[in-house]
Amino acid sequence: MKLKYILPTLLFLVSVIIGCDDNYLDTPPEHLINATAYFNSAEDLKTYTNSFYGMLPGQDVYQEDENSDNILPLIVSDRVKGTRLVPVERGSAGWNWEDLRTINFFLEHCSKCPDEDAKKHYSGVAKFFRAYFYYNKVKMYGDVPWYSGVLNAGDEDLYKARDSRVLVMDSVLTDINYAIENIPAEVNVNQITKYSALALKARLCLFEGTFRKYHNLGDYQVFLNEAVDASSALIQSGQYGLFKGDGPDAAYRNLFDRLDQISDETILARDYNANYIRHNMGYLMTAPTMGAYGIPKDLVNCYLMKDGSRFTDKEDHDEIGFYEEMQDRDPRLTQTTAGPDFIAYGASQKEPVDLSATTTGYRVIKALSSKEQWNLRSSVNDIIIFRFAEALLIYAEAKAELGTIIQTDLDISINRLRDRVEMPHLSLAEANASPDPFLENMYPNVESGANKGVILEIRRERRIEMFMEGLRWDDLMRWKEGKKLEKPVHGIYFSSLGAFDFDNDGSADVFLHDGNASGAPSGTPNIINVNIQKLTNGTSGNFDPFPAGGSFDEEKDYFFPIPLEDLNLNSNLEQNPGW
């Protein structure tokens with residue numbers, strides 16, 4: 001049975017738990033349920049912990065890449081523009097602790113339940129969510145105050161200083177290890193299990209290990225080794241594989257487009273259903289006046305040729321037209337962006353080229369389900385939170401960053417991903433013997449040692465495989481590559497003004513002009529004035545939808561600012577540097 005994230009019983013429970021107030025750490029205990037009358041059965045524990053699932057992301061998993069170099073939306077985010085401001089209101093912009101209080105209240109009182117198995121199971125679920133909560137806080141703020149219990153009005157720790165990220169992340173590691181040990185090893189894509197706890201551990205340990213390494217914080221090996229252990233446990237469990245249905249030219253796309261996730265590759269997903277909750281991604285990806293998501297040219301350039309050679313090694317690769325650049329590439333390219341022969345999921349007829357639905361000319365189609373879901377709040381395809389492919393990528397990256405990777409490690413991880421789309425295997429020796437200059441320019445801060453080439457190739461694979469799954473900002477932050485956001489965001493290349501046949505069917509799909517469209521062939525669906533939708537060279541070059549460019553301040557932008565009201569209320573808090 002699928003867990004429904006919004007249920008009347010849970011809404012009632014949450015209303016009893018948190019009342020109508022803002023519920024910060026000093027919320028009076030009277031606003032919580034009566035612990036004496038509750039926590040007496042396994043069903044009580046299950047019902048209470050079900051309310052935690054609202055902490056998991058929904059469509060924001062797929063929207064998060066707007067805040068990175070992966071997707072350029074119609075309205076560029078403040079993070080990319082470098083225009084974030086210090087928030088004012090207490091508890092705003094992520095500096096909010098009510099979910100933590102709810103978790104800690106449960107952990108303080110669940111021990112009264114006489115069912116020992118239930119106590120272990122659901123206290124494990126609670127610690128999964130506490131680890132998830134604090135992992136997100138550390139990503140945003142670095143040092144944060146660690147609270148392992150419920151605080152009441154008058155407790156002096158209400159206004160304590162921030163604890164070090166070392167203390168906090170060590171505590172997070174303790175929590176997630178407890179969760180792995182005590183949550184049953186079930187396979188359920190809509191509930192927290194031992195396997196979703198392993199997936200969270202692998203993700204947060206990779207983040208912390210590489211963040212410490214590239215920001216020179218020291219002691220990074222501990223977390224990278226833990227990332228290896230967690231991802232290896234998922235691999236060795238044999239419970240998950242890679243979805244290969246429909247073959248190499250469709251499997252990757254269909255994994256995200258299908259309505260209901262199952263446990264072939266998906267470890268944890270948010271359940272959507274036309275009868276009770278929908279999301280809005282189909283509309284954002286297709287409405288010209290809404291998201292108009294565009295993929296940047298530098299990401300398109302990352303996809304290898306079908307024979308495994310580098311597209312960016314081709315002569316004049318940046319001056320190749322759309323139809324030609326889509327030929328003989330890694331099959332994931334045209335399962336991520338609309339290629340010349342794009343057919344909507346579940347349809348049989350080829351879609352006409354539509355450049356109005358994208359800022360760069362490269363439309364996003366990953367997770368774009370059937371056409372009836374392209375209307376406002378009409379999408380019901382489940383959203384994946386954790387999947388097995390990420391565990392494979394984590395295993396390879398952690399081993400490479402530790403300097404312990406061998407060819408066998410690539411064969412059980414990266415090369416399984418390549419097998420899905422029938423791409424040639426990644427060779428450790430070849431990658432390290434010839435690091436890709438294109439990727440070296442993209443990631444100037446990468447380790448310069450013997451594994452530089454393979455680390456770059458793993459980053460290529462990660463960006464391609466995990467595109468639009470909410471990880472790209474975190475990747476740039478942990479690799480200390482924030483300056484990547486300042487590199488130009490360009491789109492499709494045009495050699496001149498005039499007509500272009502994007503699908504090689506003999507008819508014009510696009511006509512570019514500089515004020516006089518009278519020469520456009522009859523029926524051309526995309527007539528574009530380059531004085532409005534600009535090209536890099538005026539009458540030729542790439543679409544240039546963001547000429548102002550991004551901005552990133554190395555002295556402050558790796559962390560978020562703390563709200564001013566919280567600083568005023570707690571004199572022990574200090575603002576993050578530069579803010």
# chains A, B, ... in the order shown; residues from 1 in each chain; ligands from 1
call {"tool": "select_by_dssp", "arguments": {"residues": "stretch 59-308 of chain A", "states": "strand (DSSP E)", "output": "list in words"}}
result
Thr266, Ile267, Leu268, Ala269 and Arg270 of chain A
call {"tool": "write_last_selection", "arguments": {"atoms": "all heavy atoms", "output": "compact mmCIF listing (two decimals), in the first residue's frame"}}
result
# COMPACT_ATOMS: atom_id res chain seq x y z
N THR A 266 13.87 2.64 -8.01
CA THR A 266 13.45 3.68 -7.08
C THR A 266 13.47 3.17 -5.65
O THR A 266 12.86 2.15 -5.33
CB THR A 266 12.05 4.19 -7.44
OG1 THR A 266 12.06 4.66 -8.78
CG2 THR A 266 11.63 5.31 -6.51
N ILE A 267 14.17 3.90 -4.78
CA ILE A 267 14.25 3.54 -3.36
C ILE A 267 13.19 4.28 -2.56
O ILE A 267 12.54 3.70 -1.69
CB ILE A 267 15.66 3.85 -2.82
CG1 ILE A 267 16.71 3.03 -3.59
CG2 ILE A 267 15.75 3.57 -1.32
CD1 ILE A 267 18.15 3.41 -3.28
N LEU A 268 13.01 5.57 -2.84
CA LEU A 268 12.00 6.37 -2.15
C LEU A 268 11.44 7.39 -3.13
O LEU A 268 12.20 8.04 -3.85
CB LEU A 268 12.62 7.08 -0.94
CG LEU A 268 11.65 7.93 -0.08
CD1 LEU A 268 10.63 7.04 0.62
CD2 LEU A 268 12.42 8.76 0.94
N ALA A 269 10.12 7.52 -3.14
CA ALA A 269 9.47 8.47 -4.04
C ALA A 269 8.30 9.12 -3.33
O ALA A 269 7.72 8.55 -2.40
CB ALA A 269 8.98 7.78 -5.31
N ARG A 270 7.96 10.30 -3.78
CA ARG A 270 6.76 11.00 -3.30
C ARG A 270 5.61 10.59 -4.20
O ARG A 270 5.68 10.70 -5.42
CB ARG A 270 6.97 12.51 -3.35
CG ARG A 270 5.84 13.29 -2.70
CD ARG A 270 6.26 13.79 -1.34
NE ARG A 270 5.15 14.40 -0.63
CZ ARG A 270 5.28 15.41 0.22
NH1 ARG A 270 6.46 15.95 0.45
NH2 ARG A 270 4.24 15.88 0.88
call {"tool": "residues_around", "arguments": {"residues": "A:Ser370", "least_positions_apart": "3", "cutoff": "8 Å", "atoms": "only C-alpha atoms", "output": "number ranges by chain"}}
result
A: 257, 344-347, 373-374
call {"tool": "write_last_selection", "arguments": {"atoms": "all heavy atoms", "output": "CSV table (one decimal), in the first residue's frame"}}
result
chain,number,residue,atom,x,y,z
A,257,ASP,N,9.0,9.4,-16.3
A,257,ASP,CA,7.7,9.8,-16.9
A,257,ASP,C,6.6,8.9,-16.4
A,257,ASP,O,5.4,9.3,-16.4
A,257,ASP,CB,7.8,9.7,-18.4
A,257,ASP,CG,8.7,10.8,-19.0
A,257,ASP,OD1,9.1,11.7,-18.3
A,257,ASP,OD2,8.9,10.8,-20.2
A,344,ALA,N,5.9,13.1,-27.4
A,344,ALA,CA,5.5,13.2,-26.0
A,344,ALA,C,5.2,11.8,-25.4
A,344,ALA,O,4.8,10.9,-26.1
A,344,ALA,CB,4.2,14.0,-25.9
A,345,TYR,N,5.5,11.7,-24.1
A,345,TYR,CA,5.3,10.4,-23.4
A,345,TYR,C,3.8,9.9,-23.6
A,345,TYR,O,2.9,10.6,-23.4
A,345,TYR,CB,5.6,10.5,-22.0
A,345,TYR,CG,5.5,9.3,-21.2
A,345,TYR,CD1,6.5,8.3,-21.3
A,345,TYR,CD2,4.4,9.0,-20.3
A,345,TYR,CE1,6.4,7.1,-20.6
A,345,TYR,CE2,4.4,7.9,-19.5
A,345,TYR,CZ,5.4,6.9,-19.7
A,345,TYR,OH,5.3,5.7,-19.0
A,346,GLY,N,3.7,8.6,-24.1
A,346,GLY,CA,2.4,8.1,-24.3
A,346,GLY,C,1.8,8.4,-25.6
A,346,GLY,O,0.7,7.9,-26.0
A,347,ALA,N,2.4,9.3,-26.4
A,347,ALA,CA,1.8,9.7,-27.7
A,347,ALA,C,2.5,8.9,-28.9
A,347,ALA,O,3.4,8.1,-28.6
A,347,ALA,CB,2.0,11.2,-28.0
A,373,GLN,N,-1.1,16.0,-18.8
A,373,GLN,CA,-0.5,16.5,-17.5
A,373,GLN,C,0.3,17.8,-17.7
A,373,GLN,O,1.0,18.2,-16.8
A,373,GLN,CB,0.4,15.4,-16.9
A,373,GLN,CG,-0.3,14.1,-16.6
A,373,GLN,CD,0.6,13.1,-15.9
A,373,GLN,OE1,1.3,13.4,-14.9
A,373,GLN,NE2,0.7,12.0,-16.5
A,374,TRP,N,0.2,18.4,-18.9
A,374,TRP,CA,0.9,19.7,-19.1
A,374,TRP,C,0.1,20.9,-18.7
A,374,TRP,O,0.6,22.0,-18.9
A,374,TRP,CB,1.2,19.8,-20.6
A,374,TRP,CG,2.2,18.7,-21.1
A,374,TRP,CD1,2.7,17.7,-20.4
A,374,TRP,CD2,2.8,18.7,-22.4
A,374,TRP,NE1,3.5,16.9,-21.2
A,374,TRP,CE2,3.6,17.5,-22.4
A,374,TRP,CE3,2.7,19.5,-23.6
A,374,TRP,CZ2,4.4,17.1,-23.6
A,374,TRP,CZ3,3.4,19.1,-24.7
A,374,TRP,CH2,4.3,17.9,-24.7
call {"tool": "closest_atom_pairs", "arguments": {"of": "stretch 38-93 of chain A", "to": "stretch 187-191 of chain A", "cutoff": "12 Å", "atoms": "only C-alpha atoms", "output": "Markdown table"}}
result
| residue | atom | partner | partner_atom | distance |
| --- | --- | --- | --- | --- |
| A:Lys46 | CA | A:Gln191 | CA | 11.1 |
| A:Thr49 | CA | A:Gln191 | CA | 10.7 |
| A:Asn50 | CA | A:Gln191 | CA | 9.0 |
| A:Ser51 | CA | A:Gln191 | CA | 11.9 |
| A:Phe52 | CA | A:Gln191 | CA | 10.8 |
| A:Tyr53 | CA | A:Gln191 | CA | 8.5 |
| A:Gly54 | CA | A:Gln191 | CA | 11.9 |
| A:Leu56 | CA | A:Asn190 | CA | 10.9 |
call {"tool": "closest_residue", "arguments": {"among": "A:Glu319, A:Glu390, A:Asp298, A:Asp271", "to": "A:Ile235", "atoms": "only C-alpha atoms"}}
result
A:Glu390
call {"tool": "residues_around", "arguments": {"residues": "A:Val166", "least_positions_apart": "2", "cutoff": "12 Å", "atoms": "only C-alpha atoms", "output": "mmCIF file with N, CA and C atoms, in the first residue's frame"}}
result
data_model
loop_
_atom_site.group_PDB
_atom_site.id
_atom_site.type_symbol
_atom_site.label_atom_id
_atom_site.label_comp_id
_atom_site.auth_asym_id
_atom_site.auth_seq_id
_atom_site.Cartn_x
_atom_site.Cartn_y
_atom_site.Cartn_z
ATOM 1 N N TYR A 135 21.087 17.642 8.210
ATOM 2 C CA TYR A 135 21.887 17.651 6.977
ATOM 3 C C TYR A 135 21.525 18.867 6.129
ATOM 4 N N VAL A 138 22.894 22.099 7.838
ATOM 5 C CA VAL A 138 24.350 22.268 7.698
ATOM 6 C C VAL A 138 24.696 22.677 6.275
ATOM 7 N N GLY A 142 26.144 25.849 7.564
ATOM 8 C CA GLY A 142 27.396 25.444 8.197
ATOM 9 C C GLY A 142 27.147 25.095 9.655
ATOM 10 N N ASP A 143 27.735 25.839 10.573
ATOM 11 C CA ASP A 143 27.489 25.621 12.003
ATOM 12 C C ASP A 143 26.044 25.960 12.348
ATOM 13 N N VAL A 144 25.408 25.089 13.131
ATOM 14 C CA VAL A 144 24.039 25.325 13.610
ATOM 15 C C VAL A 144 23.914 24.769 15.024
ATOM 16 N N PRO A 145 22.977 25.267 15.824
ATOM 17 C CA PRO A 145 22.811 24.702 17.167
ATOM 18 C C PRO A 145 22.235 23.296 17.107
ATOM 19 N N TRP A 146 22.837 22.382 17.816
ATOM 20 C CA TRP A 146 22.340 21.004 17.879
ATOM 21 C C TRP A 146 21.426 20.869 19.098
ATOM 22 N N ARG A 162 25.794 28.741 17.986
ATOM 23 C CA ARG A 162 25.814 27.622 17.055
ATOM 24 C C ARG A 162 26.883 26.619 17.456
ATOM 25 N N ASP A 163 26.590 25.337 17.292
ATOM 26 C CA ASP A 163 27.577 24.282 17.477
ATOM 27 C C ASP A 163 28.351 24.094 16.176
ATOM 28 N N SER A 164 29.535 23.544 16.286
ATOM 29 C CA SER A 164 30.369 23.358 15.101
ATOM 30 C C SER A 164 29.755 22.312 14.182
ATOM 31 N N VAL A 168 27.820 18.647 14.890
ATOM 32 C CA VAL A 168 26.493 18.395 14.319
ATOM 33 C C VAL A 168 26.536 17.210 13.366
ATOM 34 N N MET A 169 27.510 17.167 12.465
ATOM 35 C CA MET A 169 27.543 16.083 11.492
ATOM 36 C C MET A 169 27.936 14.755 12.135
ATOM 37 N N ASP A 170 28.735 14.781 13.177
ATOM 38 C CA ASP A 170 28.980 13.542 13.926
ATOM 39 C C ASP A 170 27.677 13.032 14.542
ATOM 40 N N SER A 171 26.845 13.952 15.036
ATOM 41 C CA SER A 171 25.557 13.572 15.614
ATOM 42 C C SER A 171 24.603 13.069 14.535
ATOM 43 N N VAL A 172 24.643 13.703 13.378
ATOM 44 C CA VAL A 172 23.844 13.238 12.237
ATOM 45 C C VAL A 172 24.241 11.817 11.859
ATOM 46 N N LEU A 173 25.539 11.557 11.828
ATOM 47 C CA LEU A 173 26.023 10.222 11.485
ATOM 48 C C LEU A 173 25.544 9.196 12.506
ATOM 49 N N GLU A 208 29.395 15.792 2.900
ATOM 50 C CA GLU A 208 30.252 16.296 3.969
ATOM 51 C C GLU A 208 31.727 15.983 3.698
ATOM 52 N N GLY A 209 32.014 14.777 3.190
ATOM 53 C CA GLY A 209 33.397 14.424 2.925
ATOM 54 C C GLY A 209 34.035 15.301 1.867
ATOM 55 N N ARG A 212 34.380 19.025 3.070
ATOM 56 C CA ARG A 212 35.558 19.198 3.930
ATOM 57 C C ARG A 212 36.857 19.152 3.115
ATOM 58 N N LEU A 217 38.726 21.759 5.286
ATOM 59 C CA LEU A 217 38.288 21.684 6.682
ATOM 60 C C LEU A 217 38.926 20.522 7.427
ATOM 61 N N GLY A 218 39.584 19.628 6.703
ATOM 62 C CA GLY A 218 40.262 18.507 7.347
ATOM 63 C C GLY A 218 39.332 17.355 7.670
ATOM 64 N N ASP A 219 39.913 16.189 7.977
ATOM 65 C CA ASP A 219 39.189 15.010 8.448
ATOM 66 C C ASP A 219 38.064 14.601 7.494
ATOM 67 N N TYR A 220 38.315 14.690 6.213
ATOM 68 C CA TYR A 220 37.269 14.363 5.241
ATOM 69 C C TYR A 220 37.156 12.867 4.973
ATOM 70 N N VAL A 222 36.917 10.300 6.860
ATOM 71 C CA VAL A 222 35.931 9.555 7.652
ATOM 72 C C VAL A 222 34.594 9.515 6.932
ATOM 73 N N PHE A 223 34.140 10.661 6.452
ATOM 74 C CA PHE A 223 32.828 10.703 5.813
ATOM 75 C C PHE A 223 32.852 10.058 4.433
#
call {"tool": "select_by_dssp", "arguments": {"residues": "stretch 283-420 of chain A", "states": "alpha helix (DSSP H)", "output": "number ranges by chain"}}
result
A: 283-286, 297-302, 322-325, 388-402, 407-411, 414-420
call {"tool": "residues_around", "arguments": {"residues": "stretch 410-416 of chain A", "least_positions_apart": "4", "cutoff": "12 Å", "atoms": "only C-alpha atoms", "output": "ChimeraX atom specification"}}
result
/A:228,231-232,234-236,241-244,308,388-400,404-406,420-429,431,454-455,457-462,464-465
call {"tool": "atom_distance", "arguments": {"atom1": "atom CA of A:Met305", "atom2": "atom CA of A:Pro444"}}
result
23.7 Å
call {"tool": "residues_around", "arguments": {"residues": "A:Asn273", "least_positions_apart": "5", "cutoff": "9 Å", "atoms": "only C-alpha atoms", "output": "list in words"}}
result
Leu259, Asp260, Arg278, Ser379, Val380, Asn381 and Asp382 of chain A
call {"tool": "write_last_selection", "arguments": {"atoms": "all heavy atoms", "output": "PDB file, in the first residue's frame"}}
result
ATOM      1  N   LEU A 259       3.806   6.937 -14.344  1.00  0.00           N
ATOM      2  CA  LEU A 259       2.960   7.517 -13.299  1.00  0.00           C
ATOM      3  C   LEU A 259       3.351   7.034 -11.910  1.00  0.00           C
ATOM      4  O   LEU A 259       3.448   7.823 -10.973  1.00  0.00           O
ATOM      5  CB  LEU A 259       1.488   7.192 -13.573  1.00  0.00           C
ATOM      6  CG  LEU A 259       0.867   7.813 -14.821  1.00  0.00           C
ATOM      7  CD1 LEU A 259      -0.619   7.503 -14.860  1.00  0.00           C
ATOM      8  CD2 LEU A 259       1.099   9.322 -14.862  1.00  0.00           C
ATOM      9  N   ASP A 260       3.529   5.743 -11.748  1.00  0.00           N
ATOM     10  CA  ASP A 260       3.750   5.158 -10.425  1.00  0.00           C
ATOM     11  C   ASP A 260       5.120   4.507 -10.355  1.00  0.00           C
ATOM     12  O   ASP A 260       5.464   3.658 -11.192  1.00  0.00           O
ATOM     13  CB  ASP A 260       2.668   4.121 -10.117  1.00  0.00           C
ATOM     14  CG  ASP A 260       1.281   4.739 -10.046  1.00  0.00           C
ATOM     15  OD1 ASP A 260       1.136   5.761  -9.359  1.00  0.00           O
ATOM     16  OD2 ASP A 260       0.357   4.200 -10.696  1.00  0.00           O
ATOM     17  N   ARG A 278      -1.703  16.561  -6.726  1.00  0.00           N
ATOM     18  CA  ARG A 278      -0.998  16.675  -8.000  1.00  0.00           C
ATOM     19  C   ARG A 278       0.138  17.678  -7.851  1.00  0.00           C
ATOM     20  O   ARG A 278       0.184  18.429  -6.899  1.00  0.00           O
ATOM     21  CB  ARG A 278      -1.970  17.156  -9.093  1.00  0.00           C
ATOM     22  CG  ARG A 278      -3.227  16.300  -9.223  1.00  0.00           C
ATOM     23  CD  ARG A 278      -4.168  16.874 -10.269  1.00  0.00           C
ATOM     24  NE  ARG A 278      -5.403  16.106 -10.338  1.00  0.00           N
ATOM     25  CZ  ARG A 278      -6.260  16.159 -11.335  1.00  0.00           C
ATOM     26  NH1 ARG A 278      -6.022  16.965 -12.367  1.00  0.00           N
ATOM     27  NH2 ARG A 278      -7.356  15.429 -11.329  1.00  0.00           N
ATOM     28  N   SER A 379      -0.055  17.367 -13.123  1.00  0.00           N
ATOM     29  CA  SER A 379       0.913  16.266 -13.149  1.00  0.00           C
ATOM     30  C   SER A 379       0.705  15.320 -11.980  1.00  0.00           C
ATOM     31  O   SER A 379       0.542  15.760 -10.836  1.00  0.00           O
ATOM     32  CB  SER A 379       2.341  16.813 -13.124  1.00  0.00           C
ATOM     33  OG  SER A 379       2.605  17.591 -14.272  1.00  0.00           O
ATOM     34  N   VAL A 380       0.724  14.037 -12.276  1.00  0.00           N
ATOM     35  CA  VAL A 380       0.513  13.030 -11.226  1.00  0.00           C
ATOM     36  C   VAL A 380       1.590  11.943 -11.252  1.00  0.00           C
ATOM     37  O   VAL A 380       1.477  10.947 -10.536  1.00  0.00           O
ATOM     38  CB  VAL A 380      -0.886  12.388 -11.341  1.00  0.00           C
ATOM     39  CG1 VAL A 380      -1.969  13.417 -11.054  1.00  0.00           C
ATOM     40  CG2 VAL A 380      -1.115  11.761 -12.714  1.00  0.00           C
ATOM     41  N   ASN A 381       2.622  12.108 -12.076  1.00  0.00           N
ATOM     42  CA  ASN A 381       3.723  11.140 -12.038  1.00  0.00           C
ATOM     43  C   ASN A 381       4.505  11.308 -10.734  1.00  0.00           C
ATOM     44  O   ASN A 381       4.813  12.419 -10.316  1.00  0.00           O
ATOM     45  CB  ASN A 381       4.641  11.271 -13.255  1.00  0.00           C
ATOM     46  CG  ASN A 381       5.155  12.678 -13.504  1.00  0.00           C
ATOM     47  OD1 ASN A 381       4.407  13.644 -13.404  1.00  0.00           O
ATOM     48  ND2 ASN A 381       6.424  12.802 -13.845  1.00  0.00           N
ATOM     49  N   ASP A 382       4.798  10.198 -10.076  1.00  0.00           N
ATOM     50  CA  ASP A 382       5.511  10.230  -8.799  1.00  0.00           C
ATOM     51  C   ASP A 382       6.874  10.908  -8.965  1.00  0.00           C
ATOM     52  O   ASP A 382       7.484  10.858 -10.034  1.00  0.00           O
ATOM     53  CB  ASP A 382       5.728   8.811  -8.265  1.00  0.00           C
ATOM     54  CG  ASP A 382       4.437   8.127  -7.851  1.00  0.00           C
ATOM     55  OD1 ASP A 382       3.380   8.801  -7.829  1.00  0.00           O
ATOM     56  OD2 ASP A 382       4.488   6.916  -7.556  1.00  0.00           O
TER      57      ASP A 382
END
